[in-house]
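For reference, the structure is listed below as structure tokens.
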Amino acid sequence: MKEEKLRVLLKDMSLKEKIGQMMQLDVSCFRNEGPVTGSEVDQEIAGEDLTLAGSILGAVGAEEIKDLQKRCMEKQPHHIPIVFMADIINGYKTIFPIPLALGCTFSQEDARMVGDIMAKESAADGLHVTFAPMVDLVRDARWGRVMESTGEDPYLNSRMAEAMVWGIQGEGEHYEGHLGACTKHFAAYGAPTAGKEYNNVELSERTLREDYLPSYQAAIDAGSAMVMTSFNTLDRIPATGNQWLMRKILREEMGFDGVLVSDYNAIGELMTHGVAEDKKEAARQALEAGIDLDMMSGCYIGGLEELVKEGKIREELIDEAVLRILRLKNRLGLFEDPYRGLEDQDTAREIFTEENRAKARKAAVDSMVLLENQEGFLPLKKEEKVAFIGPFVEDKHILGAWSFFGDIEQAVACCQGIKEKGAQAVFERGCGMVNPGQTLYGFRYNMTNTESWEEIDALIERAAKTAADCDKVVLLIGEAPIQTGEGSSRGDITIPEAQKKLLDAVTKVNKNTAAVIFAGRPLDIRDVKEKTKAILYAWMPGTEGGHAVADILYGDAEPQGRLSMSLPWSVGQVPVFYGELSTGRHIEDGEWVENRFLSRYSDMPNQPLYPFGYGLGYTEFSYSEVRLDKEEIRMGEPLQVSVTVKNTGSRRGTETVQLYVTDKVGSVARPMRQLKGFTKLTLEPGESKDAVFDLTSEDLRFYTRSMEYKAEPGDFIVWVGANSRTKNGKKFKLR
């Protein structure tokens with residue numbers, strides 16, 4: 001439909017009809033009803049108003065979506081089609097590793113592939129928009145939603161954000177065979193005070209702009225169709241009612257012209273934040289902030305019409321919002337085909353195919369991080385008798401907390417993947433994912449361990465006897481998937497007590513023990529490190545997780561993941577991340593520490609247990625000294641940085657070469673290091689390749705003391721190595 005026709009349509013709509021387009025309702029409001037007439041949301045939305053809704057979230061499957069589209073369009077005064085949206089975070093039916101694990105691939109190709117497949121599967125089943133990618137910068141492992149982000153670094157997050165948008169939306173003019181992307185959560189949702197869900201955020205404007213906004217900008221520049229607001233306050237103003245944040249920063253400065261949707265009931269929560277006294281006032285604040293779409297609060301449908309009649313808001317603001325919504329529907333091709341080809345489409349050709357599963361297996365392999373491998377413990381040999389022990393041996397709950405539409409029963413358990421290797425293996429559960437008597441409450445299901453401690457002790461004793469009779473042991477332990485995700489902040493980020501008892505019992509009888517850790521966040525695994533010889537961090541790996549774990553353990557695949565978020569030494573360190581400021585009294589770990597008047601802990605190291613960018617493989621790599629094509633550059637002039645990387649081991653392997661920059665002196669304090677580039681090299685034994693990077697003054701920009709975004713002349717160090725702690729650096733000067 002041409003733009004002129006959209007404007008004619010808008011002009012012909014009644015005020016109430018326009019406000020209806022700005023209302024998003026959950027599919028539960030429409031289910032189990034005959035015609036779409038009778039439900040009420042929050043006891044306040046009249047049944048007849050439901051028929052005016054412009055979008056629906058949470059509908060599943062082509063048949064339901066076709067039925068809802070038909071019924072809603074019949075009752076909509078201008079027969080305007082519905083947009084169907086859902087949370088497709090790391091897969092629809094084929095589930096990929098959680099986004100935090102995907103960040104560990106350091107691969108835009110993997111991120112784009114994941115976005116592409118999850119969009120194709122979802123679109124084939126009728127969906128139009130996904131509430132992804134989540135690009136919030138995360139540095140506090142206590143927060144449950146770190147699993148949805150790709151990590152702690154602005155540069156890595158930006159590269160993964162744009163790749164996800166490219167994959168989700170595809171290359172077609174109308175997102176053919178794909179979805180519209182909804183980038184979330186704007187802004188700085190990933191920095192809640194104390195890591196507590198929905199908590200307030202306290203950031204300086206400089207930190208906001210330099211660290212947190214770049215990934216949103218990257219997603220917007222990649223063409224993200226939508227943006228979602230965050231629940232948090234910023235400068236004590238809730239994001240959903242923050243005109244400066246939404247209109248000035250997002251719209252004017254960042255150039256976003258798509259649809260801006262609130263998070264679930266976030267407009268209504270302006271009241272509980274204490275900035276609006278009722279729903280009508282909440283609606284006014286949100287509209288004036290530029291929120292186009294009200295997700296499940298009922299504030300817009302209940303308040304905007306009266307506000308216009310009272311002269312408290314201008315109808316032009318409503319027209320602006322509705323026009324953006326109509327443009328989205330037009331971009332999706334819904335006016336020409338409200339069903340987007342569903343009536344002629346063979347869903348099975350796209351969903352949960354063998355090809356998709358093979359790609360999920362590859363992504364899971366690429367995302368897993370080998371943290372320890374003492375004495376070449378891994379890979380395992382098939383002739384070794386190995387005991388695989390732990391709650392994740394047979395349990396298929398490895399999809400991640402947001403994998404709403406995936407079938408857990410279709411996931412590959414670790415025991416299945418291991419059995420397919422034809423190795424000598426025995427299996428013991430040992431204990432459950434959660435402690436005896438504990439219940440965890442999730443979105444789609446709850447998890448309860450009804451066993452007693454006596455029963456668990458007997459299982460642990462049996463597992464220890466099995467372990468004692470084997471050459472090696474692999475413990476498969478970690479946290480349950482519903483211990484992460486929304487509403488799953490944790491103050492204690494260690495493994496459950498029952499699993500600690502299992503770890504102790506097994507390692508007492510067999511020192512040849514490794515651990516595979518399943519988690520949706522960085523855990524405190526000091527005790528695991530102290531008692532095992534190898535550690536593989538598997539995250540929540542998705543549908544093909546069991547195959548991927550077996551592939552790595554038995555050496556059919558090379559571990560190549562690198563940490564996208566630091567693993568803390570203790571929860572007392574968090575938030576802990578590599579890009580800290582030096583402070584006026586900096587101290588490096590391992591330096592002389594008798595002086596108490598330094599920026600340090602007196603009872604633990606400053607550094608995390610494992611830093612950002614860290615990871616091992618089954619081979620070794622050496623790096624040459626950093627080479628620069630010049631020692632000085634001028635503004636706008638490129639600097640070529642290179643190293644030679646050699647595979648010095650006996651196996652083929654992939655190395656993730658990372659480039660960091662230190663700005664020695666600035667008008668404001670600068671991070672000690674910042675990631676500015678990465679590349680992956682796959683090398684045969686004895687093979688060497690050059691990793692080459694181009695830097696310019698644009699890569700050295702920051703928000704100066706006067707809040708100008710520019711580079712300042714001075715001395716820099718460029719570091720190139722295997723992780724954020726590399727010592728391989730060289731100085732250069734910017735004039």
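Letters A, B, ... go to the chains of the structure tokens in the order shown; residues in each chain start at 1; ligands are counted from 1 in the same order.
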Using DSSP on the backbone, list every residue of range 420-551 of chain A that comes out as strand (DSSP E), and give them as a list in words.
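Going through range 420-551 of chain A, the strand (DSSP E) residues come out as Ala425, Val426, Phe427, Glu428, Thr439, Leu440, Tyr441, Asn446, Met447, Thr448, Lys472, Val473, Val474, Leu475, Leu476, Ile477, Gly478, Thr513, Ala514, Ala515, Val516, Ile517, Phe518, Ala534, Ile535, Leu536 and Tyr537 of chain A.
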Per residue of range 386-479 of chain A within 7 Å of range 540-546 of chain A, note the shortest atom pair and the distance in Å to one decimal, counting only C-alpha atoms, and order the rows by chain and increasing residue number, as JSON lines.
{"residue": "A:Ile398", "atom": "CA", "partner": "A:Met540", "partner_atom": "CA", "distance": 5.1}
{"residue": "A:Leu399", "atom": "CA", "partner": "A:Gly542", "partner_atom": "CA", "distance": 4.1}
{"residue": "A:Gly400", "atom": "CA", "partner": "A:Met540", "partner_atom": "CA", "distance": 5.3}
{"residue": "A:Gln410", "atom": "CA", "partner": "A:Thr543", "partner_atom": "CA", "distance": 6.9}
{"residue": "A:Ala411", "atom": "CA", "partner": "A:Thr543", "partner_atom": "CA", "distance": 4.2}
{"residue": "A:Val412", "atom": "CA", "partner": "A:Gly546", "partner_atom": "CA", "distance": 4.9}
{"residue": "A:Ala413", "atom": "CA", "partner": "A:Gly546", "partner_atom": "CA", "distance": 4.6}
{"residue": "A:Cys414", "atom": "CA", "partner": "A:Gly546", "partner_atom": "CA", "distance": 3.8}
{"residue": "A:Gln416", "atom": "CA", "partner": "A:Gly546", "partner_atom": "CA", "distance": 6.7}
{"residue": "A:Gly417", "atom": "CA", "partner": "A:Gly546", "partner_atom": "CA", "distance": 5.0}
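Between Val146 in chain A and the candidates A:Phe443, A:Trp402, A:Tyr300, A:Phe131, the tightest atom-to-atom separation, counting only C-alpha atoms, involves A:Trp402.
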Surrounding residues of Arg324 in chain A excluding itself and chain neighbours under 6 positions, 12 Å, only C-alpha atoms, as a tab-separated table (two decimals) with C-alpha atoms, in the first residue's frame:
chain	number	residue	atom	x	y	z
A	3	GLU	CA	1.98	6.02	1.84
A	6	LEU	CA	-2.11	4.80	4.61
A	7	ARG	CA	-2.72	8.46	5.38
A	10	LEU	CA	-5.70	7.00	9.07
A	18	LYS	CA	-6.96	4.64	16.21
A	21	GLN	CA	-4.39	0.13	16.97
A	22	MET	CA	-2.15	1.27	19.83
A	54	GLY	CA	-3.91	-3.67	16.65
A	225	ALA	CA	11.55	-2.57	12.80
A	226	MET	CA	10.67	-1.99	16.44
A	256	PHE	CA	14.79	5.45	15.00
A	257	ASP	CA	11.55	5.89	13.05
A	258	GLY	CA	9.88	2.54	13.68
A	259	VAL	CA	7.30	1.39	16.22
A	260	LEU	CA	8.10	1.87	19.91
A	261	VAL	CA	6.31	-0.62	22.17
A	290	GLY	CA	6.54	8.70	22.24
A	291	ILE	CA	5.31	5.18	23.09
A	292	ASP	CA	3.28	3.93	20.12
A	293	LEU	CA	2.05	0.60	21.42
A	317	LEU	CA	0.36	12.54	18.84
A	318	ILE	CA	-2.03	9.63	18.42
A	330	ASN	CA	2.42	-2.34	5.43
A	331	ARG	CA	6.11	-3.22	5.60
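Proximity to Ala321 in chain A was assessed for A:Ile456, A:Ile19, A:Met113, A:Ala669 counting only C-alpha atoms; the smallest distance is recorded for A:Ile19.
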In terms of the shortest atom-to-atom distance over only C-alpha atoms, which of A:Met228, A:Val135, A:Met295, A:Val516 is closest to Glu269 in chain A?
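Smallest separation from Glu269 in chain A among the options: A:Met295.
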Output as a PyMOL selection string all residues of range 508-560 of chain A that backbone DSSP marks as helix (DSSP H, G or I).
chain A and resi 508-509+526-531+545-553
Which residues are near range 353-365 of chain A? Cut-off 6 Å, only C-alpha atoms, ignore same chain within fewer than 2 positions. Put them as a PDB file with N, CA and C atoms, in the first residue's frame.
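Generated output (part05.pdb):
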ATOM      1  N   PHE A  96      18.400 -22.914  19.807  1.00  0.00           N
ATOM      2  CA  PHE A  96      19.839 -22.666  19.750  1.00  0.00           C
ATOM      3  C   PHE A  96      20.362 -22.305  21.143  1.00  0.00           C
ATOM      4  N   PRO A  97      21.666 -22.175  21.310  1.00  0.00           N
ATOM      5  CA  PRO A  97      22.188 -21.734  22.612  1.00  0.00           C
ATOM      6  C   PRO A  97      21.600 -20.383  23.013  1.00  0.00           C
ATOM      7  N   ILE A 351      10.209 -25.970   9.584  1.00  0.00           N
ATOM      8  CA  ILE A 351      10.285 -26.079  11.038  1.00  0.00           C
ATOM      9  C   ILE A 351      10.916 -27.384  11.484  1.00  0.00           C
ATOM     10  N   SER A 367      29.721 -22.318  20.894  1.00  0.00           N
ATOM     11  CA  SER A 367      29.473 -21.447  22.047  1.00  0.00           C
ATOM     12  C   SER A 367      30.073 -21.966  23.347  1.00  0.00           C
ATOM     13  N   MET A 368      30.394 -23.253  23.414  1.00  0.00           N
ATOM     14  CA  MET A 368      30.873 -23.822  24.677  1.00  0.00           C
ATOM     15  C   MET A 368      32.319 -23.411  24.936  1.00  0.00           C
ATOM     16  N   PRO A 541      22.512 -25.039  26.059  1.00  0.00           N
ATOM     17  CA  PRO A 541      22.948 -25.162  24.667  1.00  0.00           C
ATOM     18  C   PRO A 541      21.857 -25.416  23.649  1.00  0.00           C
ATOM     19  N   GLU A 544      20.186 -29.378  20.473  1.00  0.00           N
ATOM     20  CA  GLU A 544      21.260 -30.315  20.142  1.00  0.00           C
ATOM     21  C   GLU A 544      22.378 -30.308  21.186  1.00  0.00           C
ATOM     22  N   ALA A 548      26.299 -31.810  21.072  1.00  0.00           N
ATOM     23  CA  ALA A 548      27.427 -30.877  21.093  1.00  0.00           C
ATOM     24  C   ALA A 548      28.388 -31.183  22.241  1.00  0.00           C
TER      25      ALA A 548
END
Any idea what's packed within 12 Å of Ser602 in chain A, counting only C-alpha atoms, ignoring anything in its chain fewer than 6 positions away? Could you give it as number ranges by chain?
A: 572-573, 589, 593-596
Tell me which protein, DNA and RNA residues are within 8 Å of Gln69 in chain A, counting only C-alpha atoms, leaving out same-chain ones fewer than 5 positions away, and put them as an MDAnalysis selection string.
chainID A and resid 81:82 338:339
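Of the residues listed (A:Ala480, A:Leu675, A:Ile301, A:Ala62), A:Ala480 shows the shortest atom-to-atom separation from Ala401 in chain A; distances use only C-alpha atoms.
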Check which residues of range 403-494 of chain A sit at most 12 Å from range 522-535 of chain A using only C-alpha atoms, and return one row each with the closest pair of atoms and their distance in Å to one decimal, ordered by chain and rising number, as a Markdown table.
| residue | atom | partner | partner_atom | distance |
| --- | --- | --- | --- | --- |
| A:Lys472 | CA | A:Lys533 | CA | 10.4 |
| A:Val473 | CA | A:Thr532 | CA | 9.5 |
| A:Val474 | CA | A:Ala534 | CA | 8.9 |
| A:Leu475 | CA | A:Thr532 | CA | 9.3 |
| A:Leu476 | CA | A:Ile535 | CA | 10.1 |
| A:Ile477 | CA | A:Val528 | CA | 9.9 |
| A:Gly478 | CA | A:Leu523 | CA | 8.5 |
| A:Glu479 | CA | A:Leu523 | CA | 8.7 |
| A:Gln483 | CA | A:Leu523 | CA | 11.6 |
| A:Thr484 | CA | A:Pro522 | CA | 10.7 |
| A:Arg490 | CA | A:Leu523 | CA | 10.3 |
| A:Gly491 | CA | A:Leu523 | CA | 11.0 |
| A:Asp492 | CA | A:Asp524 | CA | 8.5 |
| A:Ile493 | CA | A:Leu523 | CA | 5.2 |
| A:Thr494 | CA | A:Asp524 | CA | 5.0 |
Take the residues just selected and output them with N, CA and C atoms as an mmCIF file, in the first residue's frame.
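Once written, again-v1.cif looks like this:
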data_model
loop_
_atom_site.group_PDB
_atom_site.id
_atom_site.type_symbol
_atom_site.label_atom_id
_atom_site.label_comp_id
_atom_site.auth_asym_id
_atom_site.auth_seq_id
_atom_site.Cartn_x
_atom_site.Cartn_y
_atom_site.Cartn_z
ATOM 1 N N LYS A 472 37.886 -42.416 34.438
ATOM 2 C CA LYS A 472 37.637 -40.981 34.544
ATOM 3 C C LYS A 472 36.170 -40.750 34.876
ATOM 4 N N VAL A 473 35.902 -39.534 35.363
ATOM 5 C CA VAL A 473 34.535 -39.126 35.678
ATOM 6 C C VAL A 473 34.270 -37.776 35.024
ATOM 7 N N VAL A 474 33.089 -37.612 34.494
ATOM 8 C CA VAL A 474 32.630 -36.304 34.027
ATOM 9 C C VAL A 474 31.342 -35.980 34.768
ATOM 10 N N LEU A 475 31.388 -34.900 35.538
ATOM 11 C CA LEU A 475 30.197 -34.421 36.248
ATOM 12 C C LEU A 475 29.449 -33.439 35.360
ATOM 13 N N LEU A 476 28.138 -33.645 35.215
ATOM 14 C CA LEU A 476 27.302 -32.742 34.429
ATOM 15 C C LEU A 476 26.365 -32.029 35.395
ATOM 16 N N ILE A 477 26.743 -30.808 35.762
ATOM 17 C CA ILE A 477 26.100 -30.096 36.862
ATOM 18 C C ILE A 477 25.826 -28.656 36.456
ATOM 19 N N GLY A 478 25.148 -27.913 37.338
ATOM 20 C CA GLY A 478 24.893 -26.501 37.067
ATOM 21 C C GLY A 478 23.599 -26.036 37.692
ATOM 22 N N GLU A 479 22.996 -25.009 37.088
ATOM 23 C CA GLU A 479 21.746 -24.471 37.598
ATOM 24 C C GLU A 479 20.604 -24.835 36.656
ATOM 25 N N GLN A 483 16.157 -21.066 36.827
ATOM 26 C CA GLN A 483 16.861 -20.214 37.786
ATOM 27 C C GLN A 483 17.438 -18.986 37.106
ATOM 28 N N THR A 484 17.260 -18.893 35.784
ATOM 29 C CA THR A 484 17.674 -17.708 35.047
ATOM 30 C C THR A 484 16.475 -17.192 34.266
ATOM 31 N N ARG A 490 19.523 -13.827 41.501
ATOM 32 C CA ARG A 490 20.043 -14.694 42.566
ATOM 33 C C ARG A 490 21.119 -13.962 43.343
ATOM 34 N N GLY A 491 21.061 -14.095 44.672
ATOM 35 C CA GLY A 491 22.123 -13.553 45.511
ATOM 36 C C GLY A 491 23.255 -14.534 45.698
ATOM 37 N N ASP A 492 22.950 -15.829 45.604
ATOM 38 C CA ASP A 492 23.949 -16.889 45.687
ATOM 39 C C ASP A 492 24.049 -17.517 44.308
ATOM 40 N N ILE A 493 25.191 -17.357 43.653
ATOM 41 C CA ILE A 493 25.329 -17.853 42.281
ATOM 42 C C ILE A 493 26.273 -19.054 42.221
ATOM 43 N N THR A 494 26.235 -19.884 43.249
ATOM 44 C CA THR A 494 26.945 -21.155 43.218
ATOM 45 C C THR A 494 25.976 -22.262 42.806
#
Selected residue, from A:Glu591, A:Glu173, A:Glu162, A:Glu210, that lies nearest to Ser224 in chain A when counting only C-alpha atoms
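Distance minimum relative to Ser224 in chain A lands on A:Glu162.
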Could you name the residues that touch Pro99 in chain A at 6 Å or less, counting only C-alpha atoms, but leaving out those on the same chain fewer than 4 positions away, as a VMD selection string?
chain A and resid 148 to 150
